[in-house]
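target.txt (compact mmCIF, C-alpha atoms) appears below.
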```
# COMPACT_ATOMS: atom_id res chain seq x y z
CA MET A 1 62.35 85.45 127.18
CA PRO A 2 65.53 85.94 125.07
CA LYS A 3 65.07 86.44 121.33
CA ARG A 4 66.55 83.66 119.19
CA ILE A 5 69.17 84.57 116.60
CA PHE A 6 70.03 81.90 114.01
CA LEU A 7 73.65 82.01 112.82
CA GLU A 8 74.18 80.13 109.54
CA MET A 9 77.81 79.10 110.04
CA HIS A 10 78.46 75.85 108.21
CA ASN A 11 81.75 77.39 106.97
CA LEU A 12 83.11 76.53 110.41
CA LYS A 13 83.91 73.14 108.86
CA ASN A 14 86.95 74.84 107.27
CA PRO A 15 88.45 76.70 110.25
CA TYR A 16 91.67 77.67 108.48
CA THR A 17 89.97 79.57 105.66
CA GLY A 18 88.94 83.22 105.79
CA PHE A 19 85.24 82.37 106.17
CA GLY A 20 86.01 79.79 108.85
CA GLN A 21 88.10 82.27 110.82
CA PHE A 22 85.41 84.95 110.52
CA ASN A 23 82.73 82.57 111.81
CA LEU A 24 84.81 81.34 114.75
CA HIS A 25 85.97 84.76 115.92
CA LEU A 26 82.50 86.25 115.58
CA LEU A 27 81.27 83.54 117.96
CA ARG A 28 84.05 84.42 120.41
CA GLY A 29 83.12 88.09 120.18
CA ILE A 30 79.44 87.31 120.78
CA GLN A 31 80.35 85.26 123.84
CA ALA A 32 82.54 88.09 125.15
CA ASN A 33 79.58 90.49 124.93
CA ASN A 34 77.34 88.05 126.84
CA ASP A 35 74.09 89.81 125.88
CA GLN A 36 71.31 88.42 128.06
CA ASP A 37 68.52 89.58 125.74
CA LEU A 38 69.53 87.21 122.94
CA ARG A 39 69.98 83.45 122.54
CA PHE A 40 72.10 82.28 119.62
CA VAL A 41 71.67 79.10 117.58
CA VAL A 42 74.81 78.05 115.69
CA HIS A 43 74.23 76.07 112.49
CA ALA A 44 77.34 73.95 111.89
CA GLN A 45 78.43 70.43 111.03
CA ASP A 46 81.24 69.61 113.45
CA LEU A 47 79.64 70.49 116.77
CA LYS A 48 82.09 68.70 119.08
CA PRO A 49 84.86 71.37 119.07
CA LEU A 50 82.25 74.13 119.36
CA LYS A 51 80.69 72.52 122.42
CA ALA A 52 84.14 71.94 123.88
CA GLU A 53 84.98 75.66 123.59
CA PHE A 54 81.61 77.34 124.15
CA GLY A 55 79.64 74.74 126.14
CA ASN A 56 75.98 75.69 126.51
CA PHE A 57 76.54 79.40 125.87
CA PHE A 58 75.14 78.70 122.39
CA ASP A 59 72.41 76.39 121.18
CA TYR A 60 73.41 74.24 118.20
CA LYS A 61 71.71 72.89 115.08
CA TYR A 62 73.44 70.20 113.04
CA TYR A 63 74.16 71.15 109.43
CA MET A 64 73.10 68.76 106.69
CA GLY A 65 73.80 69.39 103.01
CA LEU A 66 70.19 68.60 102.14
CA ARG A 67 69.16 71.87 103.75
CA ARG A 68 70.42 73.64 100.64
CA TYR A 69 67.31 72.39 98.80
CA ASP A 70 64.00 74.18 99.07
CA TRP A 71 62.02 71.16 100.26
CA ALA A 72 64.47 70.53 103.14
CA ARG A 73 64.91 74.12 104.34
CA ILE A 74 64.71 74.93 108.05
CA ARG A 75 61.12 75.70 109.03
CA THR A 76 61.66 76.87 112.61
CA LYS A 77 60.65 80.49 113.12
CA TYR A 78 63.62 82.35 114.56
CA ASP A 79 63.50 86.02 115.53
CA VAL A 80 66.44 86.90 113.25
CA TRP A 81 68.34 84.84 110.69
CA HIS A 82 71.95 85.84 109.96
CA SER A 83 73.46 84.59 106.72
CA VAL A 84 77.05 85.03 107.87
CA ASN A 85 78.48 85.00 104.36
CA GLN A 86 77.14 85.77 100.92
CA ASN A 87 77.99 82.36 99.43
CA THR A 88 75.87 80.01 101.53
CA LYS A 89 73.03 78.13 99.85
CA VAL A 90 71.24 77.47 103.15
CA GLU A 91 68.14 79.64 103.53
CA PRO A 92 65.12 79.70 105.87
CA LYS A 93 61.82 78.25 104.68
CA ARG A 94 59.88 81.08 106.29
CA ASP A 95 60.06 84.83 105.81
CA LEU A 96 62.18 86.08 108.71
CA PRO A 97 64.09 89.25 109.60
CA TYR A 98 67.27 88.48 107.66
CA VAL A 99 70.79 89.88 108.02
CA LEU A 100 73.17 89.31 105.10
CA THR A 101 76.92 89.79 105.57
CA ILE A 102 78.80 90.53 102.35
CA HIS A 103 82.53 89.81 102.45
CA ASP A 104 83.17 90.42 98.75
CA VAL A 105 81.63 90.03 95.31
CA ASN A 106 84.75 88.48 93.77
CA PHE A 107 82.53 85.99 91.95
CA ILE A 108 81.63 88.77 89.48
CA GLU A 109 85.24 88.72 88.23
CA GLU A 110 86.16 85.12 88.96
CA ILE A 111 83.02 83.28 87.82
CA SER A 112 80.86 85.51 85.61
CA SER A 113 79.88 89.15 85.18
CA ASP A 114 76.59 88.03 83.58
CA LEU A 115 73.96 88.98 86.15
CA ASN A 116 71.83 86.09 84.90
CA HIS A 117 74.51 83.55 85.73
CA PRO A 118 73.21 81.12 88.41
CA ARG A 119 75.83 82.31 90.91
CA ASN A 120 74.74 85.93 90.53
CA LEU A 121 71.05 85.04 90.53
CA ARG A 122 71.49 83.28 93.86
CA PHE A 123 73.19 86.35 95.27
CA LYS A 124 70.37 88.59 94.03
CA GLU A 125 67.87 86.30 95.75
CA LYS A 126 69.74 86.82 99.01
CA LEU A 127 69.69 90.57 98.48
CA ALA A 128 65.94 90.47 97.92
CA ARG A 129 65.49 88.57 101.18
CA ALA A 130 67.68 90.91 103.25
CA SER A 131 66.22 93.12 105.97
CA ALA A 132 69.69 94.57 106.71
CA ILE A 133 73.07 94.21 105.03
CA THR A 134 76.47 94.32 106.71
CA TYR A 135 79.82 94.64 104.94
CA ILE A 136 83.24 93.78 106.33
CA SER A 137 84.90 96.78 104.65
CA ASP A 138 84.09 99.98 102.78
CA PHE A 139 85.53 98.33 99.69
CA ALA A 140 83.08 95.42 99.97
CA LYS A 141 80.21 97.91 100.12
CA GLN A 142 81.47 99.96 97.17
CA SER A 143 82.03 96.84 95.10
CA ALA A 144 78.55 95.44 95.79
CA HIS A 145 76.95 98.75 94.83
CA GLN A 146 79.06 98.92 91.69
CA HIS A 147 77.86 95.58 90.34
CA PHE A 148 74.36 95.10 91.76
CA ASP A 149 71.15 97.04 92.35
CA MET A 150 71.17 96.99 96.12
CA PRO A 151 67.90 96.92 98.08
CA LYS A 152 66.78 99.93 100.09
CA VAL A 153 67.50 98.44 103.51
CA PRO A 154 69.78 99.56 106.35
CA GLU A 155 73.46 99.00 105.57
CA TYR A 156 76.39 98.82 107.96
CA VAL A 157 80.16 98.54 107.55
CA ILE A 158 81.49 96.45 110.45
CA LEU A 159 85.23 95.91 110.26
CA ASN A 160 86.56 92.53 111.35
CA GLY A 161 88.55 92.04 114.49
CA ASN A 162 92.05 90.60 114.81
CA PRO A 163 92.15 86.77 114.94
CA THR A 164 95.37 87.02 116.95
CA GLU A 165 94.15 89.16 119.83
CA LYS A 166 95.54 86.60 122.30
CA LEU A 167 99.24 85.73 122.09
CA LEU A 168 100.00 82.10 122.88
CA ASP A 169 102.87 80.83 125.01
CA LEU A 170 105.43 79.62 122.49
CA SER A 171 108.39 79.37 124.85
CA ASN A 172 108.60 75.57 124.53
CA TYR A 173 107.09 75.27 121.07
CA THR A 174 108.97 73.59 118.23
CA PRO A 175 107.63 74.48 114.77
CA THR A 176 106.72 71.70 112.35
CA THR A 177 107.81 73.84 109.39
CA GLN A 178 111.44 73.05 108.51
CA LEU A 179 112.91 76.55 108.68
CA LYS A 180 116.40 77.43 107.46
CA GLY A 181 117.23 80.70 109.15
CA LYS A 182 115.60 84.07 108.42
CA TYR A 183 112.50 84.05 106.26
CA LEU A 184 109.64 86.10 104.83
CA PHE A 185 106.11 84.82 105.46
CA THR A 186 102.79 84.84 103.64
CA LEU A 187 99.55 83.07 104.46
CA GLY A 188 96.16 82.49 102.86
CA ASP A 189 93.82 80.28 100.88
CA PHE A 190 95.43 78.88 97.74
CA TRP A 191 93.49 80.80 95.10
CA GLU A 192 95.01 82.45 92.03
CA ARG A 193 94.12 85.93 93.29
CA LYS A 194 96.47 85.50 96.27
CA ASN A 195 99.46 85.93 93.94
CA PHE A 196 101.78 83.57 95.81
CA HIS A 197 103.51 82.80 92.51
CA LEU A 198 104.29 86.51 92.15
CA LEU A 199 106.00 86.50 95.54
CA VAL A 200 108.10 83.55 94.35
CA GLU A 201 109.11 85.54 91.26
CA MET A 202 109.97 88.52 93.48
CA LEU A 203 112.32 86.25 95.44
CA VAL A 204 114.50 85.94 92.32
CA HIS A 205 115.47 89.58 92.97
CA LEU A 206 116.06 89.00 96.70
CA PRO A 207 118.83 86.38 96.70
CA GLU A 208 119.47 86.69 100.46
CA HIS A 209 115.93 85.77 101.47
CA GLN A 210 113.72 82.71 101.72
CA LEU A 211 109.92 82.57 101.70
CA VAL A 212 107.46 80.47 103.73
CA ILE A 213 103.95 80.12 102.28
CA GLY A 214 101.22 78.87 104.61
CA GLY A 215 97.94 77.47 103.26
CA ASN A 216 96.33 74.46 101.64
CA ASP A 217 98.67 73.98 98.66
CA SER A 218 96.84 70.79 97.59
CA ARG A 219 94.37 72.99 95.70
CA PRO A 220 94.92 73.33 91.93
CA TYR A 221 96.63 76.72 92.26
CA GLY A 222 99.29 75.02 94.38
CA GLU A 223 100.58 73.36 91.23
CA LYS A 224 101.16 76.73 89.58
CA VAL A 225 103.11 77.87 92.64
CA ARG A 226 105.24 74.71 92.56
CA GLU A 227 105.88 75.15 88.84
CA THR A 228 107.03 78.73 89.45
CA ILE A 229 109.36 77.56 92.23
CA ALA A 230 110.88 74.91 89.95
CA LYS A 231 111.14 77.29 86.97
CA HIS A 232 113.37 79.64 88.96
CA GLY A 233 115.27 76.93 90.83
CA LEU A 234 114.06 78.15 94.21
CA GLU A 235 113.30 74.78 95.81
CA ASN A 236 115.83 75.53 98.58
CA ARG A 237 114.45 79.00 99.30
CA VAL A 238 110.66 78.55 99.21
CA ILE A 239 108.90 76.42 101.83
CA LEU A 240 105.28 75.34 101.39
CA ALA A 241 104.13 74.95 104.99
CA GLY A 242 100.61 73.69 104.23
CA ARG A 243 97.77 74.43 106.63
CA VAL A 244 99.05 75.84 109.91
CA GLY A 245 97.35 75.69 113.30
CA ASP A 246 97.23 78.61 115.73
CA LYS A 247 100.53 77.90 117.47
CA GLU A 248 102.39 77.28 114.21
CA LYS A 249 100.90 80.42 112.67
CA GLN A 250 101.85 82.57 115.65
CA TYR A 251 105.36 81.12 115.69
CA LEU A 252 105.83 81.88 111.98
CA LEU A 253 104.48 85.42 112.43
CA ALA A 254 106.56 86.10 115.53
CA ASN A 255 109.82 85.00 113.92
CA CYS A 256 109.55 86.19 110.32
CA GLU A 257 111.47 89.19 108.97
CA ALA A 258 108.37 90.58 107.28
CA PHE A 259 104.88 89.59 106.17
CA LEU A 260 103.93 89.74 102.48
CA PHE A 261 100.42 89.88 101.01
CA ALA A 262 100.14 90.57 97.29
CA SER A 263 96.47 89.57 96.90
CA LEU A 264 94.53 91.10 94.01
CA ARG A 265 91.10 90.94 95.64
CA GLU A 266 90.25 90.97 99.34
CA GLY A 267 86.98 91.76 101.05
CA PHE A 268 89.06 92.48 104.14
CA GLY A 269 92.29 90.51 104.63
CA LEU A 270 92.87 89.09 108.11
CA PRO A 271 96.49 87.81 107.89
CA PRO A 272 98.12 91.27 107.61
CA ILE A 273 96.41 92.34 110.85
CA GLU A 274 97.75 89.25 112.58
CA ALA A 275 101.27 90.08 111.39
CA MET A 276 100.97 93.67 112.62
CA LYS A 277 100.05 92.33 116.07
CA PHE A 278 103.64 91.09 116.25
CA GLY A 279 105.01 94.44 115.10
CA LYS A 280 106.27 92.97 111.85
CA PRO A 281 106.72 95.08 108.70
CA VAL A 282 103.84 94.34 106.34
CA PHE A 283 103.94 94.64 102.55
CA LEU A 284 100.57 94.73 100.79
CA ALA A 285 99.22 95.07 97.27
CA HIS A 286 97.56 98.48 97.05
CA ARG A 287 94.32 96.85 95.98
CA THR A 288 90.69 96.58 97.12
CA SER A 289 90.31 96.61 100.95
CA LEU A 290 93.97 96.21 101.89
CA PRO A 291 94.67 99.96 102.36
CA GLU A 292 91.83 99.96 104.93
CA VAL A 293 93.65 97.21 106.81
CA GLY A 294 97.22 98.48 106.60
CA GLY A 295 96.47 102.17 106.99
CA GLU A 296 99.54 104.39 107.06
CA VAL A 297 101.80 101.84 108.75
CA ALA A 298 102.00 99.25 105.94
CA TYR A 299 104.20 99.36 102.85
CA TYR A 300 102.37 99.09 99.52
CA TRP A 301 103.03 97.63 96.11
CA HIS A 302 101.29 99.85 93.57
CA ASP A 303 103.01 98.07 90.69
CA LEU A 304 102.82 94.27 90.86
CA ASP A 305 105.95 93.69 88.83
CA PRO A 306 108.31 91.29 90.66
CA GLN A 307 111.42 93.44 90.23
CA GLN A 308 109.60 96.61 91.29
CA MET A 309 108.10 94.72 94.24
CA ALA A 310 111.61 93.71 95.33
CA THR A 311 112.71 97.36 95.17
CA ILE A 312 109.77 98.49 97.32
CA PHE A 313 110.55 95.66 99.75
CA LYS A 314 114.16 96.77 100.16
CA GLU A 315 113.13 100.41 100.63
CA GLY A 316 110.45 99.44 103.15
CA MET A 317 112.79 97.27 105.19
CA ALA A 318 115.37 100.08 105.27
CA ASP A 319 112.66 102.45 106.53
CA TYR A 320 111.50 99.97 109.17
CA HIS A 321 115.03 99.43 110.47
CA SER A 322 115.62 103.18 110.69
CA ASP A 323 113.51 103.12 113.88
CA PRO A 324 112.33 99.55 114.50
CA GLN A 325 110.95 100.15 118.00
CA GLU A 326 108.72 103.05 116.95
CA LYS A 327 107.67 101.35 113.70
CA SER A 328 106.81 98.14 115.55
CA LYS A 329 104.80 100.10 118.12
CA ALA A 330 102.76 101.78 115.36
CA LEU A 331 102.09 98.43 113.67
CA LYS A 332 100.86 96.90 116.93
CA ALA A 333 98.58 99.89 117.53
CA GLN A 334 97.08 99.45 114.06
CA ALA A 335 96.42 95.76 114.79
CA ASP A 336 94.81 96.60 118.13
CA SER A 337 92.34 98.94 116.43
CA PHE A 338 90.58 95.83 115.07
CA ASN A 339 88.65 94.05 117.85
CA TRP A 340 86.21 91.13 117.66
CA LYS A 341 84.26 92.08 120.79
CA THR A 342 83.63 95.51 119.27
CA ALA A 343 82.68 93.95 115.91
CA ALA A 344 80.32 91.45 117.57
CA ALA A 345 78.67 94.25 119.56
CA ALA A 346 77.93 96.02 116.28
CA TYR A 347 76.31 92.85 114.87
CA ILE A 348 74.24 92.50 118.05
CA ASP A 349 73.01 96.07 117.53
CA VAL A 350 71.96 95.13 114.00
CA TYR A 351 70.02 92.08 115.28
CA LYS A 352 68.25 94.21 117.87
CA SER A 353 67.34 96.84 115.27
CA LEU A 354 65.23 94.16 113.52
CA LEU A 355 63.40 92.88 116.60
```

Same coordinates, now as structure tokens:
Amino acid sequence: MPKRIFLEMHNLKNPYTGFGQFNLHLLRGIQANNDQDLRFVVHAQDLKPLKAEFGNFFDYKYYMGLRRYDWARIRTKYDVWHSVNQNTKVEPKRDLPYVLTIHDVNFIEEISSDLNHPRNLRFKEKLARASAITYISDFAKQSAHQHFDMPKVPEYVILNGNPTEKLLDLSNYTPTTQLKGKYLFTLGDFWERKNFHLLVEMLVHLPEHQLVIGGNDSRPYGEKVRETIAKHGLENRVILAGRVGDKEKQYLLANCEAFLFASLREGFGLPPIEAMKFGKPVFLAHRTSLPEVGGEVAYYWHDLDPQQMATIFKEGMADYHSDPQEKSKALKAQADSFNWKTAAAAYIDVYKSLL
């Protein structure tokens, strides 16, 4: 009888965030592997789209917020429990073989470095429960070891796949974003660390360019970005596209001049890989995990000064256009080195190691 693997995935409720994308594409990778020895139970709130895509390949358990509290925890005895990100408050009632995936420990810098802060105490409780720990990058592993006493359990670095492995047919697609000719593109959750405002300031030194920013700009940080746009009088050159679906995202990636990602802290960083899939020049902050993602084919900002960033951008674009076919080919090859079926197979090996 197949062993039952519980996947705590309530972050699927936000499919356009990094956690939501990770959850969804891990499910697709698991389905592609089609391992007959395991049966997966997906814990999520909005089950209708999951059932529409995956049918009965998975079993499903409806997420309720009450399950965050000890008295309402799930009592069913599964063979392995996978806490698919380090932030979830949902835990099993029983002692079970427990896989913890760590995407980042940004909360140490963004919330509190006091290890007795409730946020850090909750993370330490998850560490104490873990039978195995997976990390989505070498940087995530190094950072966790830097800030916490890690348990003596098996550890694995499993790099994410590319969310844009399949190119959609856009031949008859009309974008909803009101574009005005050539543009640069960036995409991500609207958190301060993403440095969208810095890209706006860089645009002051690139008078021939416009910038499209994709993401939920209704968050508080969106106001800072809008203030920066207004301060420099760039309302006609910066477009806030809001959340973008798969077709809109692929259209914006396929037609941009370059993709920009100046984030200060990333456990991995999926959007640059998606841009490389289209052979687009990618400019990244030389921070945290991003050099693992961009490898030797990306251009890097070591100095996050807007004027210096503009200089690096111009130099990078000149280099790209010196041999665009070969540069584009190398970028696509880098993107193809990240594969969700391969990543999911590595997670399946971890599950089986605990059975």

Option closest in space to Ile133 (chain A), from A:Gly245, A:Pro118, A:Pro151, A:Pro163 [counting only C-alpha atoms]: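 That would be A:Pro151, the residue with the smallest distance to Ile133 (chain A).
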
Identify which of the residues A:Arg73, A:Lys280, A:His43, A:Lys141 lies closest to Val105 (chain A), counting only C-alpha atoms when measuring atom-to-atom distances. A:Lys141

For region 286-301 of chain A, find every residue with an atom within 7 Å (counting all atoms listed in the file), except residues of its own chain fewer than 4 positions away, and show them as a PyMOL selection string. chain A and resi 137+139+264-269+273+281-282+309+312+316+330-331

Please list as a PyMOL selection string every residue within 8 Å of region 44-57 of chain A, counting all atoms listed in the file and excluding residues in the same chain fewer than 2 positions away. chain A and resi 8-13+31+42+59-64

Pick from A:Arg219, A:His209, A:Arg94, A:Lys224 nearest to Asn236 (chain A), counting only C-alpha atoms: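 When distances to Asn236 (chain A) are compared using only C-alpha atoms, the smallest one comes from A:His209.
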
Nearest residue to Leu115 (chain A) from the set A:Asp149, A:Asp246, A:Lys93, A:Ser143 (distances using all atoms listed in the file): A:Asp149

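Residue nearest Met317 (chain A) within the list A:Leu270, A:Ser263, A:Arg129, A:Glu257: A:Glu257 [criterion: smallest interatomic distance, all atoms listed in the file].
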
Just how far from CA of Tyr69 (chain A) is CA of Lys124 (chain A), in Å to one decimal?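 Rounded to one decimal, the two atoms are 17.2 Å apart.
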
What separation in Å, quoted to one decimal, exists between CA of Ile5 (chain A) and CA of Glu125 (chain A)?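 So the two atoms, CA of Ile5 (chain A) and CA of Glu125 (chain A), lie 21.0 Å apart.
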
May I ask for the distance between CA of Leu179 (chain A) and CA of Pro207 (chain A), given in Å to one decimal place? 16.6 Å

Here is a test: counting all atoms listed in the file, which residue of A:Tyr351, A:Phe6, A:Phe278, A:Tyr135 is nearest to Ala335 (chain A)?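 Result for the nearest residue to Ala335 (chain A): A:Phe278.
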
Kindly reconstruct region 148-159 of chain A with N, CA, C and O atoms and present the result as a JSON list (two decimals), keeping the file's coordinate frame.
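Writing done, so here's result-v2.json:
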```
[["chain", "number", "residue", "atom", "x", "y", "z"],
["A", 148, "PHE", "N", 75.73, 95.55, 91.55],
["A", 148, "PHE", "CA", 74.36, 95.10, 91.76],
["A", 148, "PHE", "C", 73.44, 96.25, 92.15],
["A", 148, "PHE", "O", 73.90, 97.24, 92.74],
["A", 149, "ASP", "N", 72.16, 96.12, 91.84],
["A", 149, "ASP", "CA", 71.15, 97.04, 92.35],
["A", 149, "ASP", "C", 70.83, 96.61, 93.77],
["A", 149, "ASP", "O", 70.17, 95.59, 93.99],
["A", 150, "MET", "N", 71.30, 97.38, 94.72],
["A", 150, "MET", "CA", 71.17, 96.99, 96.12],
["A", 150, "MET", "C", 69.80, 97.40, 96.67],
["A", 150, "MET", "O", 69.28, 98.46, 96.31],
["A", 151, "PRO", "N", 69.21, 96.59, 97.52],
["A", 151, "PRO", "CA", 67.90, 96.92, 98.08],
["A", 151, "PRO", "C", 67.98, 98.11, 99.02],
["A", 151, "PRO", "O", 69.03, 98.42, 99.57],
["A", 152, "LYS", "N", 66.86, 98.77, 99.20],
["A", 152, "LYS", "CA", 66.78, 99.93, 100.09],
["A", 152, "LYS", "C", 66.54, 99.45, 101.52],
["A", 152, "LYS", "O", 65.44, 99.54, 102.06],
["A", 153, "VAL", "N", 67.56, 98.91, 102.12],
["A", 153, "VAL", "CA", 67.50, 98.44, 103.51],
["A", 153, "VAL", "C", 68.67, 99.05, 104.26],
["A", 153, "VAL", "O", 69.63, 99.53, 103.64],
["A", 154, "PRO", "N", 68.64, 99.03, 105.59],
["A", 154, "PRO", "CA", 69.78, 99.56, 106.35],
["A", 154, "PRO", "C", 71.07, 98.81, 106.02],
["A", 154, "PRO", "O", 71.07, 97.58, 105.88],
["A", 155, "GLU", "N", 72.16, 99.58, 105.89],
["A", 155, "GLU", "CA", 73.46, 99.00, 105.57],
["A", 155, "GLU", "C", 74.48, 99.46, 106.61],
["A", 155, "GLU", "O", 74.44, 100.59, 107.07],
["A", 156, "TYR", "N", 75.39, 98.55, 106.94],
["A", 156, "TYR", "CA", 76.39, 98.82, 107.96],
["A", 156, "TYR", "C", 77.74, 98.28, 107.52],
["A", 156, "TYR", "O", 77.82, 97.16, 107.01],
["A", 157, "VAL", "N", 78.80, 99.05, 107.73],
["A", 157, "VAL", "CA", 80.16, 98.54, 107.55],
["A", 157, "VAL", "C", 80.69, 98.20, 108.94],
["A", 157, "VAL", "O", 80.80, 99.08, 109.81],
["A", 158, "ILE", "N", 80.98, 96.92, 109.16],
["A", 158, "ILE", "CA", 81.49, 96.45, 110.45],
["A", 158, "ILE", "C", 82.83, 95.77, 110.18],
["A", 158, "ILE", "O", 82.89, 94.67, 109.63],
["A", 159, "LEU", "N", 83.90, 96.45, 110.53],
["A", 159, "LEU", "CA", 85.23, 95.91, 110.26],
["A", 159, "LEU", "C", 85.50, 94.70, 111.14],
["A", 159, "LEU", "O", 85.08, 94.64, 112.31]]
```
